[in-house]
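Source file: structure.csv; contents: CSV, C-alpha atoms.
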```csv
chain,number,residue,atom,x,y,z
A,1,MET,CA,54.2,-45.8,-11.8
A,2,LYS,CA,52.1,-45.0,-14.8
A,3,LYS,CA,49.2,-44.0,-12.6
A,4,HIS,CA,51.4,-41.7,-10.5
A,5,LEU,CA,52.7,-40.1,-13.7
A,6,ILE,CA,49.2,-39.5,-15.1
A,7,SER,CA,48.1,-38.0,-11.7
A,8,ALA,CA,51.2,-35.7,-11.7
A,9,ILE,CA,50.4,-34.5,-15.2
A,10,SER,CA,46.8,-33.9,-14.3
A,11,ILE,CA,47.8,-31.8,-11.3
A,12,VAL,CA,50.3,-29.8,-13.3
A,13,SER,CA,47.7,-29.2,-16.0
A,14,ALA,CA,45.1,-28.1,-13.4
A,15,VAL,CA,47.5,-25.7,-11.7
A,16,SER,CA,48.5,-24.3,-15.1
A,17,ALA,CA,44.9,-23.7,-16.0
A,18,LEU,CA,44.2,-22.0,-12.7
A,19,LEU,CA,47.3,-19.7,-13.2
A,20,PHE,CA,46.1,-18.9,-16.7
A,21,LEU,CA,42.6,-18.0,-15.5
A,22,ALA,CA,44.1,-15.9,-12.6
A,23,GLY,CA,46.3,-14.0,-15.1
A,24,LEU,CA,43.4,-13.5,-17.4
A,25,TRP,CA,41.3,-12.1,-14.6
A,26,MET,CA,44.2,-9.7,-13.5
A,27,VAL,CA,44.5,-8.4,-17.0
A,28,PHE,CA,40.7,-7.8,-17.1
A,29,GLU,CA,40.8,-6.0,-13.8
A,30,ASP,CA,43.7,-3.9,-14.9
A,31,GLN,CA,41.8,-2.9,-18.1
A,32,GLN,CA,38.8,-2.0,-16.0
A,33,ALA,CA,40.9,0.1,-13.6
A,34,ASN,CA,42.3,2.1,-16.5
A,35,THR,CA,38.9,3.4,-17.5
A,36,GLY,CA,39.1,6.1,-14.8
A,37,VAL,CA,39.6,9.9,-15.2
A,38,LYS,CA,42.7,9.5,-17.4
A,39,THR,CA,43.1,11.4,-20.6
A,40,GLU,CA,43.7,9.9,-24.0
A,41,ASN,CA,45.4,11.4,-26.9
A,42,THR,CA,43.1,10.6,-29.8
A,43,GLY,CA,45.3,12.2,-32.4
A,44,THR,CA,42.6,14.7,-33.3
A,45,GLY,CA,43.7,17.5,-30.9
A,46,LYS,CA,40.7,16.9,-28.7
A,47,ASN,CA,40.9,15.8,-25.1
A,48,THR,CA,38.9,12.7,-24.2
A,49,LYS,CA,38.3,11.8,-20.6
A,50,LYS,CA,37.4,8.1,-20.1
A,51,ALA,CA,34.3,7.4,-18.2
A,52,GLY,CA,34.7,6.0,-14.7
A,53,ASN,CA,36.2,7.5,-11.6
A,54,THR,CA,35.4,11.2,-11.4
A,55,ASN,CA,36.3,11.8,-7.8
A,56,GLU,CA,39.2,14.1,-8.5
A,57,ILE,CA,39.5,17.7,-9.8
A,58,THR,CA,42.8,18.5,-11.5
A,59,ILE,CA,44.1,22.0,-11.5
A,60,THR,CA,47.0,22.7,-13.8
A,61,ALA,CA,48.9,26.0,-13.3
A,62,ILE,CA,51.3,27.5,-15.8
A,63,GLY,CA,53.0,30.8,-16.1
A,64,ASP,CA,55.7,33.0,-14.5
A,65,SER,CA,56.9,33.6,-10.9
A,66,LEU,CA,53.4,34.6,-9.8
A,67,THR,CA,52.2,31.1,-10.6
A,68,ARG,CA,55.4,29.7,-9.0
A,69,GLY,CA,54.6,31.7,-5.8
A,70,THR,CA,57.8,33.8,-5.5
A,71,GLY,CA,57.5,35.9,-2.4
A,72,ASP,CA,55.1,33.7,-0.5
A,73,THR,CA,56.9,32.4,2.6
A,74,ALA,CA,54.4,29.5,2.8
A,75,GLY,CA,55.4,28.4,-0.7
A,76,LYS,CA,51.8,28.2,-2.0
A,77,GLY,CA,51.4,31.2,-4.2
A,78,TYR,CA,48.0,32.1,-5.6
A,79,ALA,CA,47.6,28.7,-7.2
A,80,GLY,CA,47.9,27.0,-3.8
A,81,TYR,CA,45.4,29.3,-2.2
A,82,THR,CA,43.0,28.9,-5.1
A,83,ALA,CA,43.2,25.1,-4.7
A,84,ASP,CA,42.5,25.5,-0.9
A,85,GLU,CA,39.4,27.5,-1.7
A,86,VAL,CA,38.2,25.1,-4.3
A,87,LYS,CA,38.5,22.2,-1.8
A,88,LYS,CA,35.8,24.0,0.3
A,89,LYS,CA,33.4,23.9,-2.7
A,90,THR,CA,33.6,20.2,-3.5
A,91,LYS,CA,33.8,16.8,-1.8
A,92,LYS,CA,36.2,15.6,-4.5
A,93,ALA,CA,40.0,15.4,-4.1
A,94,VAL,CA,41.7,18.4,-5.6
A,95,LEU,CA,45.1,17.8,-7.3
A,96,LEU,CA,47.3,20.9,-8.1
A,97,GLN,CA,50.0,20.6,-10.8
A,98,ASN,CA,52.2,23.8,-10.6
A,99,ASN,CA,54.5,24.4,-13.6
A,100,GLY,CA,55.3,28.1,-12.9
A,101,ILE,CA,58.7,29.3,-13.9
A,102,LYS,CA,60.3,32.4,-12.5
A,103,GLY,CA,61.1,35.0,-15.1
A,104,LEU,CA,59.0,33.4,-17.8
A,105,THR,CA,57.8,35.6,-20.7
A,106,SER,CA,55.0,35.0,-23.1
A,107,SER,CA,57.4,33.6,-25.7
A,108,GLY,CA,58.8,31.2,-23.1
A,109,LEU,CA,55.3,30.0,-22.1
A,110,LEU,CA,54.4,29.5,-25.7
A,111,GLU,CA,57.4,27.1,-25.9
A,112,GLN,CA,56.6,25.4,-22.6
A,113,ILE,CA,53.0,24.4,-23.6
A,114,LYS,CA,54.5,22.6,-26.6
A,115,GLN,CA,56.4,20.2,-24.2
A,116,PRO,CA,54.9,16.7,-24.1
A,117,GLN,CA,54.6,16.6,-20.3
A,118,ILE,CA,52.9,20.0,-20.1
A,119,LYS,CA,50.6,19.0,-22.9
A,120,ARG,CA,49.6,15.9,-20.9
A,121,GLU,CA,48.9,17.9,-17.8
A,122,LEU,CA,46.9,20.5,-19.7
A,123,ARG,CA,44.9,17.7,-21.4
A,124,SER,CA,44.0,16.2,-18.0
A,125,ALA,CA,43.1,19.5,-16.4
A,126,ASP,CA,39.6,20.4,-15.2
A,127,ILE,CA,40.8,23.9,-14.3
A,128,ILE,CA,43.7,25.8,-15.8
A,129,LEU,CA,45.4,28.7,-14.0
A,130,LEU,CA,47.6,31.1,-15.9
A,131,THR,CA,49.8,34.2,-15.2
A,132,ILE,CA,51.9,35.8,-17.9
A,133,GLY,CA,52.8,39.3,-19.2
A,134,GLY,CA,54.5,40.9,-16.2
A,135,ASN,CA,57.9,40.1,-17.4
A,136,ASP,CA,57.0,41.2,-21.0
A,137,LEU,CA,55.9,44.5,-19.6
A,138,PHE,CA,58.1,45.3,-16.7
A,139,ALA,CA,61.3,43.5,-17.8
A,140,GLY,CA,62.6,43.5,-14.2
A,141,GLY,CA,61.8,47.2,-13.8
A,142,GLU,CA,63.6,48.3,-17.0
A,143,ALA,CA,60.3,49.6,-18.4
A,144,LEU,CA,60.3,52.3,-15.7
A,145,GLY,CA,62.9,54.1,-17.7
A,146,HIS,CA,60.9,53.9,-20.9
A,147,LEU,CA,57.3,54.8,-20.2
A,148,ASP,CA,56.6,56.4,-23.5
A,149,ASN,CA,53.7,55.0,-25.6
A,150,VAL,CA,56.0,54.0,-28.5
A,151,TYR,CA,58.2,51.8,-26.3
A,152,ILE,CA,55.3,50.2,-24.5
A,153,GLU,CA,53.5,49.4,-27.7
A,154,LYS,CA,56.6,47.8,-29.0
A,155,LEU,CA,56.6,45.5,-26.0
A,156,GLU,CA,52.9,44.8,-26.1
A,157,LYS,CA,52.5,43.9,-29.8
A,158,PRO,CA,54.5,40.6,-29.7
A,159,TYR,CA,53.0,39.8,-26.3
A,160,LEU,CA,49.4,39.9,-27.6
A,161,VAL,CA,50.4,37.7,-30.6
A,162,HIS,CA,52.0,35.2,-28.2
A,163,LEU,CA,49.0,35.3,-25.9
A,164,LYS,CA,46.6,34.5,-28.7
A,165,GLN,CA,48.9,31.5,-29.7
A,166,ILE,CA,49.0,30.4,-26.0
A,167,TYR,CA,45.2,30.3,-25.7
A,168,ALA,CA,45.0,28.5,-29.1
A,169,GLY,CA,47.6,26.0,-27.9
A,170,ILE,CA,45.7,25.2,-24.7
A,171,ARG,CA,42.4,24.9,-26.6
A,172,ALA,CA,44.1,22.5,-29.1
A,173,VAL,CA,44.6,19.9,-26.3
A,174,ASN,CA,41.8,20.8,-23.9
A,175,LYS,CA,38.5,22.2,-25.2
A,176,THR,CA,36.5,21.9,-22.0
A,177,ALA,CA,38.6,23.2,-19.0
A,178,THR,CA,38.0,26.8,-18.0
A,179,VAL,CA,41.2,28.9,-18.2
A,180,TYR,CA,41.6,31.6,-15.5
A,181,HIS,CA,44.2,34.1,-16.7
A,182,VAL,CA,45.2,36.2,-13.7
A,183,GLY,CA,45.7,39.8,-14.7
A,184,LEU,CA,48.4,42.3,-13.8
A,185,TYR,CA,48.5,44.6,-10.8
A,186,ASN,CA,50.8,47.7,-10.5
A,187,PRO,CA,53.6,47.1,-8.0
A,188,PHE,CA,54.9,50.7,-8.6
A,189,ILE,CA,51.7,52.4,-7.7
A,190,ASP,CA,53.2,54.3,-4.8
A,191,LEU,CA,56.1,55.8,-6.9
A,192,SER,CA,56.2,59.2,-8.5
A,193,GLN,CA,55.2,57.9,-11.9
A,194,ALA,CA,52.2,56.0,-10.5
A,195,LYS,CA,49.6,57.7,-12.8
A,196,THR,CA,51.6,56.7,-15.9
A,197,THR,CA,52.4,53.1,-14.8
A,198,SER,CA,48.8,52.5,-13.7
A,199,ALA,CA,47.5,53.7,-17.1
A,200,ILE,CA,49.9,51.3,-18.8
A,201,VAL,CA,48.9,48.4,-16.7
A,202,ARG,CA,45.2,49.1,-17.2
A,203,LYS,CA,45.6,49.2,-21.0
A,204,TRP,CA,47.7,46.0,-20.9
A,205,ASN,CA,45.0,44.3,-18.9
A,206,PHE,CA,42.2,45.6,-21.2
A,207,ASP,CA,44.0,44.4,-24.4
A,208,SER,CA,44.7,41.0,-22.8
A,209,ALA,CA,41.1,40.6,-21.7
A,210,SER,CA,40.0,41.5,-25.3
A,211,VAL,CA,42.1,38.6,-26.6
A,212,ALA,CA,40.7,36.3,-23.9
A,213,ALA,CA,37.2,37.2,-25.0
A,214,ASP,CA,37.8,35.6,-28.4
A,215,PHE,CA,38.3,32.2,-26.9
A,216,PRO,CA,35.6,30.0,-25.2
A,217,LYS,CA,35.8,29.5,-21.5
A,218,VAL,CA,38.8,31.8,-21.0
A,219,VAL,CA,38.3,34.2,-18.0
A,220,TYR,CA,40.5,37.2,-17.5
A,221,VAL,CA,40.7,37.7,-13.7
A,222,PRO,CA,41.3,41.3,-12.6
A,223,THR,CA,43.8,42.0,-9.7
A,224,PHE,CA,44.6,45.6,-10.2
A,225,ASP,CA,42.0,46.8,-7.7
A,226,LEU,CA,43.3,44.3,-5.0
A,227,PHE,CA,46.7,46.2,-4.9
A,228,GLU,CA,45.5,49.7,-5.7
A,229,LEU,CA,45.2,50.7,-2.1
A,230,ASN,CA,47.9,50.0,0.5
A,231,VAL,CA,50.0,48.2,-2.1
A,232,ASN,CA,53.0,47.7,0.2
A,233,ASP,CA,50.8,45.7,2.6
A,234,TYR,CA,50.6,43.0,-0.1
A,235,LEU,CA,54.1,43.1,-1.6
A,236,TYR,CA,57.1,40.9,-0.7
A,237,SER,CA,60.4,42.6,0.3
A,238,ASP,CA,61.4,42.9,-3.4
A,239,LYS,CA,58.5,45.3,-3.9
A,240,PHE,CA,57.5,43.5,-7.0
A,241,HIS,CA,56.0,40.1,-6.1
A,242,PRO,CA,53.1,39.6,-3.7
A,243,ASN,CA,53.6,38.4,-0.2
A,244,MET,CA,51.5,35.8,1.5
A,245,ALA,CA,48.6,38.2,2.1
A,246,GLY,CA,48.8,39.4,-1.6
A,247,TYR,CA,48.7,35.8,-2.9
A,248,GLN,CA,45.8,35.0,-0.7
A,249,LEU,CA,43.9,37.9,-2.1
A,250,ILE,CA,44.5,36.7,-5.6
A,251,GLY,CA,43.7,33.1,-4.8
A,252,GLU,CA,40.4,34.1,-3.2
A,253,ARG,CA,39.5,36.3,-6.2
A,254,VAL,CA,40.2,33.4,-8.7
A,255,ALA,CA,38.3,30.8,-6.5
A,256,SER,CA,35.3,33.1,-6.3
A,257,LEU,CA,34.8,32.7,-10.0
A,258,ILE,CA,35.0,28.9,-9.9
A,259,HIS,CA,31.6,27.3,-9.5
A,260,PHE,CA,30.5,23.7,-9.7
A,261,ARG,CA,27.0,22.3,-10.5
A,262,GLU,CA,25.6,20.2,-7.6
A,263,GLU,CA,26.4,17.0,-9.4
A,264,GLU,CA,30.0,18.1,-10.1
A,265,ALA,CA,30.7,19.0,-6.5
A,266,LYS,CA,29.7,15.6,-5.1
```
Translate the structure described by the file into structure tokens.
Amino acid sequence: MKKHLISAISIVSAVSALLFLAGLWMVFEDQQANTGVKTENTGTGKNTKKAGNTNEITITAIGDSLTRGTGDTAGKGYAGYTADEVKKKTKKAVLLQNNGIKGLTSSGLLEQIKQPQIKRELRSADIILLTIGGNDLFAGGEALGHLDNVYIEKLEKPYLVHLKQIYAGIRAVNKTATVYHVGLYNPFIDLSQAKTTSAIVRKWNFDSASVAADFPKVVYVPTFDLFELNVNDYLYSDKFHPNMAGYQLIGERVASLIHFREEEAK
């Protein structure tokens, strides 16, 4: 009886030891797995990517309805077409995170990038896509009734302040990802006041690009020329947002500026 009891205790002890070792091994494996391409908030405002799995390229898109893809019947928008083109340049998996919001202004985007979830996505991004400014300028078409310089400057001044803060906010959480800020086109170029609206959009783009130039790895992507001729061929039925063909043009333009070194593409 005593022998059987000792044997039973020995068996239980052996099983317990095996379970403990198995659990310890699983914890070790889990810790090893967590050293992939995940980001870590170091508390210093810098983004730190842990060494390990680098087989994924993350694109984070933020901004207004152009980023959302309003008007594209395929639902991709320029961000989706950019991602499609990037996939042709790399063997890595391409992940797109689209946070576009219809009607967003620069003040709204400034608040959005302060949200914890958006911060996490920006921190983990390898490429950041951005559209903003169209709603600040056009205000749903209201600006067409106020095309004098005083009114436009009144709209642009706070926008440029917000834009600088947006760039700074992005750089505070991610210092390495290239930011591609997609510029404005003129959807009203075939109307009677085309010369005036085009001059306003060009100046708005120039001033935005000047702010972008003050920040490292921020590229202001021109789109004005894409819509300058035959604008209606590239606009949705609302005559404001791009249609599928228009978004494809923008996506191809953005992707043409994205390049990988040979080792990064593999």
Report task. Find the residue from A:Val161, A:Leu229, A:Ile57, A:Ala74 that sits nearest to A:Ala125; use all atoms listed in the file when measuring. Result ->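 Closest to A:Ala125, using all atoms listed in the file: A:Ile57.
Considering all atoms listed in the file, the residue among A:Val86, A:Thr60, A:Tyr159, A:Tyr81 positioned nearest to A:Ile118 is A:Thr60.
Distance annotation: of A:Ser192, A:Glu121, A:Val201, A:Tyr180, the residue with the minimal separation from A:Glu156 is A:Val201; atom set is only C-alpha atoms.
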Query - d(atom CA of A:Val150, atom CA of A:Ala199) in Å - result: 14.2 Å
**Report entry** Straight-line distance linking atom CA of A:Gly69 with atom CA of A:Pro242, stated in Å to one decimal
**Finding:** 8.3 Å
